[in-house]
>>> print(open('coords16.pdb').read())   # PDB, C-alpha atoms and all ligand atoms
ATOM      1  CA  MET D  50      85.733  93.966 122.229
ATOM      2  CA  LYS D  51      87.736  92.247 119.479
ATOM      3  CA  THR D  52      90.749  94.141 118.165
ATOM      4  CA  LEU D  53      92.968  93.702 115.115
ATOM      5  CA  VAL D  54      96.398  95.338 114.897
ATOM      6  CA  VAL D  55      97.820  95.750 111.364
ATOM      7  CA  TYR D  56     101.195  97.248 110.571
ATOM      8  CA  SER D  57     103.710  98.010 107.860
ATOM      9  CA  THR D  58     107.421  97.970 108.656
ATOM     10  CA  LYS D  59     110.677  98.026 106.721
ATOM     11  CA  HIS D  60     113.309  97.244 109.334
ATOM     12  CA  GLY D  61     111.156  95.743 112.084
ATOM     13  CA  ALA D  62     110.636  98.486 114.697
ATOM     14  CA  THR D  63     106.982  99.097 113.779
ATOM     15  CA  GLY D  64     106.318  95.358 113.777
ATOM     16  CA  SER D  65     107.837  95.028 117.220
ATOM     17  CA  CYS D  66     105.619  97.890 118.516
ATOM     18  CA  ALA D  67     102.539  96.358 116.853
ATOM     19  CA  ARG D  68     103.138  92.952 118.458
ATOM     20  CA  LYS D  69     103.589  94.550 121.892
ATOM     21  CA  ILE D  70     100.396  96.627 121.460
ATOM     22  CA  ALA D  71      98.573  93.480 120.340
ATOM     23  CA  ALA D  72      99.847  91.594 123.393
ATOM     24  CA  VAL D  73      98.492  94.284 125.772
ATOM     25  CA  LEU D  74      95.118  94.217 123.967
ATOM     26  CA  GLY D  75      94.920  90.434 123.610
ATOM     27  CA  ALA D  76      94.737  91.031 119.851
ATOM     28  CA  GLU D  77      96.144  89.573 116.671
ATOM     29  CA  ALA D  78      98.990  91.471 114.897
ATOM     30  CA  PHE D  79      99.029  91.249 111.096
ATOM     31  CA  ASP D  80     101.934  92.315 108.848
ATOM     32  CA  LEU D  81     100.531  94.142 105.783
ATOM     33  CA  GLY D  82     103.770  93.426 103.936
ATOM     34  CA  ASN D  83     103.591  89.647 104.197
ATOM     35  CA  GLY D  84     101.760  89.196 100.880
ATOM     36  CA  LYS D  85      98.775  87.496 102.543
ATOM     37  CA  LYS D  86      95.152  88.652 102.589
ATOM     38  CA  PRO D  87      94.387  90.679 105.747
ATOM     39  CA  PRO D  88      91.775  89.238 108.144
ATOM     40  CA  ASP D  89      88.073  89.981 107.515
ATOM     41  CA  LEU D  90      87.457  93.360 109.172
ATOM     42  CA  SER D  91      83.824  92.523 109.905
ATOM     43  CA  LEU D  92      85.111  90.242 112.689
ATOM     44  CA  PHE D  93      86.589  93.169 114.663
ATOM     45  CA  ASP D  94      85.137  96.101 116.646
ATOM     46  CA  SER D  95      88.410  97.905 116.915
ATOM     47  CA  VAL D  96      91.373  98.270 114.504
ATOM     48  CA  VAL D  97      94.852  99.639 115.202
ATOM     49  CA  ILE D  98      96.955 100.619 112.173
ATOM     50  CA  GLY D  99     100.683 101.341 112.436
ATOM     51  CA  THR D 100     103.272 102.362 109.886
ATOM     52  CA  ALA D 101     106.938 103.299 109.740
ATOM     53  CA  ILE D 102     107.773 106.741 108.301
ATOM     54  CA  TYR D 103     110.411 107.162 105.589
ATOM     55  CA  MET D 104     111.220 110.517 104.008
ATOM     56  CA  GLY D 105     108.098 112.040 105.562
ATOM     57  CA  LYS D 106     105.709 109.358 104.306
ATOM     58  CA  GLY D 107     104.021 106.245 105.683
ATOM     59  CA  MET D 108     104.652 102.862 104.081
ATOM     60  CA  PRO D 109     102.652 102.337 100.839
ATOM     61  CA  ALA D 110     101.180  99.037 102.145
ATOM     62  CA  ALA D 111      99.551 100.825 105.113
ATOM     63  CA  LEU D 112      98.100 103.581 102.931
ATOM     64  CA  HIS D 113      96.841 100.994 100.438
ATOM     65  CA  PHE D 114      95.167  98.997 103.237
ATOM     66  CA  CYS D 115      93.447 102.171 104.508
ATOM     67  CA  GLU D 116      92.264 103.235 101.068
ATOM     68  CA  ALA D 117      91.045  99.754 100.108
ATOM     69  CA  ASN D 118      89.027  99.464 103.358
ATOM     70  CA  LEU D 119      87.991 103.072 103.921
ATOM     71  CA  ALA D 120      84.276 102.389 104.399
ATOM     72  CA  ALA D 121      84.768  99.412 106.743
ATOM     73  CA  LEU D 122      87.428 101.220 108.784
ATOM     74  CA  ALA D 123      85.202 104.291 109.192
ATOM     75  CA  GLU D 124      82.805 102.079 111.205
ATOM     76  CA  LYS D 125      85.484 100.890 113.678
ATOM     77  CA  ARG D 126      87.021 102.247 116.833
ATOM     78  CA  LEU D 127      90.337 103.310 115.315
ATOM     79  CA  GLY D 128      93.799 103.709 116.769
ATOM     80  CA  LEU D 129      96.620 104.991 114.547
ATOM     81  CA  PHE D 130     100.334 105.064 115.262
ATOM     82  CA  VAL D 131     103.519 105.853 113.401
ATOM     83  CA  CYS D 132     107.141 105.007 114.123
ATOM     84  CA  GLY D 133     109.602 107.738 113.225
ATOM     85  CA  LEU D 134     112.506 109.725 114.559
ATOM     86  CA  ARG D 135     111.479 113.254 113.595
ATOM     87  CA  GLU D 136     109.545 114.003 116.774
ATOM     88  CA  THR D 137     109.192 117.686 115.835
ATOM     89  CA  ASP D 138     107.176 116.662 112.745
ATOM     90  CA  ALA D 139     104.991 114.175 114.646
ATOM     91  CA  GLU D 140     101.648 115.863 113.854
ATOM     92  CA  LYS D 141     102.534 116.396 110.194
ATOM     93  CA  GLU D 142     103.766 112.823 109.728
ATOM     94  CA  LEU D 143     100.710 111.330 111.444
ATOM     95  CA  ALA D 144      98.477 113.397 109.138
ATOM     96  CA  ALA D 145     100.441 112.381 106.020
ATOM     97  CA  ALA D 146     100.512 108.643 106.803
ATOM     98  CA  PHE D 147      96.730 108.029 106.818
ATOM     99  CA  PRO D 148      93.798 109.181 104.656
ATOM    100  CA  ALA D 149      92.256 112.342 106.152
ATOM    101  CA  PRO D 150      88.820 110.787 106.888
ATOM    102  CA  LEU D 151      90.460 108.094 109.018
ATOM    103  CA  ALA D 152      92.879 110.466 110.727
ATOM    104  CA  GLN D 153      89.909 112.679 111.670
ATOM    105  CA  ARG D 154      87.850 109.767 112.997
ATOM    106  CA  ALA D 155      90.620 107.993 114.932
ATOM    107  CA  ARG D 156      90.035 107.888 118.694
ATOM    108  CA  VAL D 157      93.737 107.585 119.457
ATOM    109  CA  LYS D 158      96.702 108.787 117.379
ATOM    110  CA  SER D 159     100.291 108.510 118.467
ATOM    111  CA  PHE D 160     103.866 109.021 117.317
ATOM    112  CA  LEU D 161     105.718 106.250 119.177
ATOM    113  CA  GLY D 162     109.306 107.213 118.312
ATOM    114  CA  GLY D 163     111.622 105.158 116.151
ATOM    115  CA  SER D 164     114.610 102.841 116.030
ATOM    116  CA  ILE D 165     117.614 102.523 113.786
ATOM    117  CA  ASP D 166     119.108  99.060 113.407
ATOM    118  CA  TYR D 167     122.216 100.428 111.719
ATOM    119  CA  PRO D 168     123.706  97.144 110.358
ATOM    120  CA  SER D 169     120.400  96.285 108.630
ATOM    121  CA  LEU D 170     120.287  99.579 106.638
ATOM    122  CA  GLY D 171     121.192  99.731 102.953
ATOM    123  CA  LEU D 172     124.033 102.008 101.845
ATOM    124  CA  ARG D 173     121.709 104.865 100.865
ATOM    125  CA  GLU D 174     119.801 104.578 104.152
ATOM    126  CA  LYS D 175     123.097 104.670 106.082
ATOM    127  CA  LEU D 176     124.084 107.837 104.209
ATOM    128  CA  VAL D 177     120.710 109.492 104.964
ATOM    129  CA  THR D 178     120.902 108.442 108.633
ATOM    130  CA  ARG D 179     124.401 109.878 108.927
ATOM    131  CA  ALA D 180     123.555 113.096 107.061
ATOM    132  CA  ILE D 181     120.233 113.853 108.763
ATOM    133  CA  MET D 182     120.608 112.275 112.208
ATOM    134  CA  GLY D 183     124.396 112.379 112.545
ATOM    135  CA  LYS D 184     124.399 108.709 113.634
ATOM    136  CA  THR D 185     126.451 105.713 112.525
ATOM    137  CA  GLU D 186     125.160 103.291 115.134
ATOM    138  CA  SER D 187     121.936 101.641 116.284
ATOM    139  CA  PHE D 188     119.654 103.561 118.646
ATOM    140  CA  SER D 189     115.985 103.804 119.664
ATOM    141  CA  THR D 190     113.579 106.354 121.103
ATOM    142  CA  ILE D 191     110.782 103.784 121.469
ATOM    143  CA  THR D 192     110.051 102.850 125.071
ATOM    144  CA  GLY D 193     107.825 100.265 126.718
ATOM    145  CA  THR D 194     105.974 103.110 128.444
ATOM    146  CA  ARG D 195     105.076 104.836 125.160
ATOM    147  CA  ILE D 196     103.778 101.557 123.735
ATOM    148  CA  LYS D 197     101.811 100.645 126.854
ATOM    149  CA  ASP D 198     100.297 104.168 127.148
ATOM    150  CA  PHE D 199      99.097 103.979 123.541
ATOM    151  CA  ALA D 200      97.651 100.468 124.011
ATOM    152  CA  GLU D 201      95.859 101.522 127.214
ATOM    153  CA  LYS D 202      94.351 104.562 125.447
ATOM    154  CA  VAL D 203      93.100 102.295 122.641
ATOM    155  CA  ARG D 204      91.590  99.952 125.219
ATOM    156  CA  ALA D 205      89.815 102.846 126.945
ATOM    157  CA  ALA D 206      88.659 104.570 123.719
TER
HETATM  158  C1  LIG D 301     116.473 106.471 105.174
HETATM  159  C2  LIG D 301     115.632 106.814 106.347
HETATM  160  C3  LIG D 301     114.699 107.841 106.250
HETATM  161  C4  LIG D 301     113.892 108.166 107.353
HETATM  162  N1  LIG D 301     112.993 109.193 107.240
HETATM  163  C5  LIG D 301     112.257 109.548 108.324
HETATM  164  C6  LIG D 301     111.337 110.649 108.258
HETATM  165  O1  LIG D 301     111.152 111.285 107.216
HETATM  166  N2  LIG D 301     110.647 110.971 109.376
HETATM  167  C7  LIG D 301     110.788 110.283 110.547
HETATM  168  O2  LIG D 301     110.112 110.625 111.535
HETATM  169  N3  LIG D 301     111.631 109.222 110.650
HETATM  170  C8  LIG D 301     112.362 108.837 109.570
HETATM  171  N4  LIG D 301     113.217 107.774 109.636
HETATM  172  C9  LIG D 301     113.267 106.979 110.879
HETATM  173  C10 LIG D 301     112.359 105.737 110.774
HETATM  174  O3  LIG D 301     111.009 106.128 110.670
HETATM  175  C11 LIG D 301     112.548 104.869 112.044
HETATM  176  O4  LIG D 301     113.841 104.326 111.966
HETATM  177  C12 LIG D 301     111.495 103.804 112.188
HETATM  178  O5  LIG D 301     111.634 103.206 113.464
HETATM  179  C13 LIG D 301     111.606 102.754 111.126
HETATM  180  O6  LIG D 301     110.623 101.772 111.339
HETATM  181  P1  LIG D 301     110.767 100.271 110.833
HETATM  182  O7  LIG D 301     111.962  99.658 111.560
HETATM  183  O8  LIG D 301     109.484  99.633 111.218
HETATM  184  O9  LIG D 301     110.972 100.284 109.350
HETATM  185  C14 LIG D 301     114.022 107.432 108.561
HETATM  186  C15 LIG D 301     114.963 106.389 108.645
HETATM  187  C16 LIG D 301     115.761 106.078 107.559
HETATM  188  C17 LIG D 301     116.749 104.952 107.685
END
>>> encode(input="coords16.pdb", output="structure tokens", more="lines below")
Ligand SMILES: Cc1cc2nc3c(=O)[nH]c(=O)nc-3n(C[C@H](O)[C@H](O)[C@H](O)COP(=O)(O)O)c2cc1C
Amino acid sequence: MKTLVVYSTKHGATGSCARKIAAVLGAEAFDLGNGKKPPDLSLFDSVVIGTAIYMGKGMPAALHFCEANLAALAEKRLGLFVCGLRETDAEKELAAAFPAPLAQRARVKSFLGGSIDYPSLGLREKLVTRAIMGKTESFSTITGTRIKDFAEKVRAA
């Protein structure tokens, strides 16, 4: 089974997860924000799509990719993941990040946790992080186990 992993990240955490998932699956990881044309989906049986969550929403590049390829993606074994820090809103954020037909069809959906690389944030992002999360330093809730569990579920799906 040939798998493609595509992702959209702002500060790198989602990309890091996507590359680790791809490594477990022996797949290619493609950054939807790199300005290049994504690989031809007809070459893959299985597609994993991951996006970071900001202010309750997935990255526009991930949503655009889903909407532009809705018909082709509906034919694939689908795995969806989001990276975020609002664990209590996991279900809501997963539902908001992907078009409903894909979210309903996905065989595996997961909220993998999130990371803050504090020095890389812009001033406004630092203010939001401090106000909402009470943090002024880097931290992460993403673990190797969460990533591996998701990848293994995709493999078994
Ligand atoms: C300004 C800002 C807003 C955020 N908003 C949300 C949010 O609404 N929900 C959530 O679950 N996580 C939120 N996060 C946490 C990010 O989703 C988390 O840091 C994620 O790992 C970022 O992924 P990236 O490094 O791939 O961009 C926010 C982080 C920042 C800095």
>>> closest_residue(input="coords16.pdb", among="D:Glu140, D:Asn83, D:Lys158, D:Ile98", to="Val55 (chain D)", atoms="all atoms listed in the file")
D:Ile98
>>> atom_distance(input="coords16.pdb", atom1="CA of Leu119 (chain D)", atom2="CA of Lys85 (chain D)")
19.0 Å
>>> residues_around(input="coords16.pdb", residues="Ala62 (chain D)", least_positions_apart="6", cutoff="10 Å", atoms="all atoms listed in the file", output="ChimeraX atom specification")
/D:100-101,132-133,162-166,189,191
>>> resolve_selection(input="coords16.pdb", expression="the PyMOL selection byres (((not hetatm)) within 8 of (chain D and resi 301))", output="CSV table (one decimal) with C-alpha atoms, keeping the file's coordinate frame")
chain,number,residue,atom,x,y,z
D,57,SER,CA,103.7,98.0,107.9
D,58,THR,CA,107.4,98.0,108.7
D,59,LYS,CA,110.7,98.0,106.7
D,60,HIS,CA,113.3,97.2,109.3
D,61,GLY,CA,111.2,95.7,112.1
D,62,ALA,CA,110.6,98.5,114.7
D,63,THR,CA,107.0,99.1,113.8
D,64,GLY,CA,106.3,95.4,113.8
D,65,SER,CA,107.8,95.0,117.2
D,100,THR,CA,103.3,102.4,109.9
D,101,ALA,CA,106.9,103.3,109.7
D,102,ILE,CA,107.8,106.7,108.3
D,103,TYR,CA,110.4,107.2,105.6
D,104,MET,CA,111.2,110.5,104.0
D,105,GLY,CA,108.1,112.0,105.6
D,106,LYS,CA,105.7,109.4,104.3
D,131,VAL,CA,103.5,105.9,113.4
D,132,CYS,CA,107.1,105.0,114.1
D,133,GLY,CA,109.6,107.7,113.2
D,134,LEU,CA,112.5,109.7,114.6
D,135,ARG,CA,111.5,113.3,113.6
D,136,GLU,CA,109.5,114.0,116.8
D,138,ASP,CA,107.2,116.7,112.7
D,139,ALA,CA,105.0,114.2,114.6
D,142,GLU,CA,103.8,112.8,109.7
D,162,GLY,CA,109.3,107.2,118.3
D,163,GLY,CA,111.6,105.2,116.2
D,164,SER,CA,114.6,102.8,116.0
D,165,ILE,CA,117.6,102.5,113.8
D,166,ASP,CA,119.1,99.1,113.4
D,170,LEU,CA,120.3,99.6,106.6
D,173,ARG,CA,121.7,104.9,100.9
D,174,GLU,CA,119.8,104.6,104.2
D,175,LYS,CA,123.1,104.7,106.1
D,176,LEU,CA,124.1,107.8,104.2
D,177,VAL,CA,120.7,109.5,105.0
D,178,THR,CA,120.9,108.4,108.6
D,189,SER,CA,116.0,103.8,119.7
>>> closest_residue(input="coords16.pdb", among="D:Gly82, D:Pro168, D:Pro148, D:Pro88", to="Met108 (chain D)", atoms="only C-alpha atoms")
D:Gly82
>>> build_atoms(input="coords16.pdb", residues="region 134-168 of chain D", atoms="N, CA and C atoms", output="compact mmCIF listing (two decimals), in the frame of the given file")
# COMPACT_ATOMS: atom_id res chain seq x y z
N LEU D 134 111.51 109.10 113.68
CA LEU D 134 112.51 109.72 114.56
C LEU D 134 112.43 111.25 114.54
N ARG D 135 111.57 111.79 113.67
CA ARG D 135 111.48 113.25 113.60
C ARG D 135 110.33 113.71 114.49
N GLU D 136 110.60 113.70 115.78
CA GLU D 136 109.54 114.00 116.77
C GLU D 136 108.91 115.37 116.53
N THR D 137 109.71 116.33 116.04
CA THR D 137 109.19 117.69 115.84
C THR D 137 108.14 117.72 114.73
N ASP D 138 108.16 116.72 113.85
CA ASP D 138 107.18 116.66 112.74
C ASP D 138 106.07 115.66 113.03
N ALA D 139 105.92 115.25 114.29
CA ALA D 139 104.99 114.18 114.65
C ALA D 139 103.58 114.39 114.07
N GLU D 140 103.03 115.59 114.31
CA GLU D 140 101.65 115.86 113.85
C GLU D 140 101.54 115.76 112.34
N LYS D 141 102.53 116.36 111.66
CA LYS D 141 102.53 116.40 110.19
C LYS D 141 102.67 114.97 109.63
N GLU D 142 103.54 114.18 110.23
CA GLU D 142 103.77 112.82 109.73
C GLU D 142 102.57 111.92 110.00
N LEU D 143 101.93 112.10 111.16
CA LEU D 143 100.71 111.33 111.44
C LEU D 143 99.63 111.67 110.42
N ALA D 144 99.51 112.97 110.09
CA ALA D 144 98.48 113.40 109.14
C ALA D 144 98.79 112.87 107.74
N ALA D 145 100.07 112.80 107.38
CA ALA D 145 100.44 112.38 106.02
C ALA D 145 100.33 110.87 105.83
N ALA D 146 100.42 110.11 106.92
CA ALA D 146 100.51 108.64 106.80
C ALA D 146 99.16 107.96 106.56
N PHE D 147 98.05 108.67 106.90
CA PHE D 147 96.73 108.03 106.82
C PHE D 147 95.77 108.93 106.05
N PRO D 148 94.78 108.34 105.34
CA PRO D 148 93.80 109.18 104.66
C PRO D 148 93.09 110.09 105.66
N ALA D 149 92.84 111.34 105.24
CA ALA D 149 92.26 112.34 106.15
C ALA D 149 90.98 111.87 106.87
N PRO D 150 90.05 111.19 106.17
CA PRO D 150 88.82 110.79 106.89
C PRO D 150 89.11 109.85 108.06
N LEU D 151 90.13 109.01 107.92
CA LEU D 151 90.46 108.09 109.02
C LEU D 151 91.21 108.82 110.12
N ALA D 152 92.12 109.70 109.72
CA ALA D 152 92.88 110.47 110.73
C ALA D 152 91.92 111.30 111.58
N GLN D 153 90.87 111.84 110.92
CA GLN D 153 89.91 112.68 111.67
C GLN D 153 89.05 111.84 112.62
N ARG D 154 88.75 110.61 112.20
CA ARG D 154 87.85 109.77 113.00
C ARG D 154 88.57 108.98 114.10
N ALA D 155 89.89 108.86 114.00
CA ALA D 155 90.62 107.99 114.93
C ALA D 155 90.44 108.46 116.37
N ARG D 156 90.22 107.52 117.28
CA ARG D 156 90.04 107.89 118.69
C ARG D 156 91.38 108.12 119.38
N VAL D 157 92.40 107.42 118.88
CA VAL D 157 93.74 107.58 119.46
C VAL D 157 94.74 107.67 118.31
N LYS D 158 95.65 108.65 118.39
CA LYS D 158 96.70 108.79 117.38
C LYS D 158 98.00 109.03 118.12
N SER D 159 99.06 108.32 117.72
CA SER D 159 100.29 108.51 118.47
C SER D 159 101.53 108.32 117.61
N PHE D 160 102.53 109.14 117.90
CA PHE D 160 103.87 109.02 117.32
C PHE D 160 104.69 108.31 118.39
N LEU D 161 105.10 107.07 118.11
CA LEU D 161 105.72 106.25 119.18
C LEU D 161 107.24 106.36 119.25
N GLY D 162 107.85 107.18 118.36
CA GLY D 162 109.31 107.21 118.31
C GLY D 162 109.79 106.19 117.29
N GLY D 163 111.09 106.06 117.17
CA GLY D 163 111.62 105.16 116.15
C GLY D 163 112.92 104.50 116.58
N SER D 164 113.36 103.55 115.76
CA SER D 164 114.61 102.84 116.03
C SER D 164 115.42 102.74 114.75
N ILE D 165 116.71 102.80 114.91
CA ILE D 165 117.61 102.52 113.79
C ILE D 165 118.42 101.27 114.14
N ASP D 166 118.28 100.25 113.28
CA ASP D 166 119.11 99.06 113.41
C ASP D 166 120.20 99.23 112.34
N TYR D 167 121.25 99.93 112.71
CA TYR D 167 122.22 100.43 111.72
C TYR D 167 122.76 99.34 110.77
N PRO D 168 123.16 98.17 111.28
CA PRO D 168 123.71 97.14 110.36
C PRO D 168 122.69 96.68 109.30
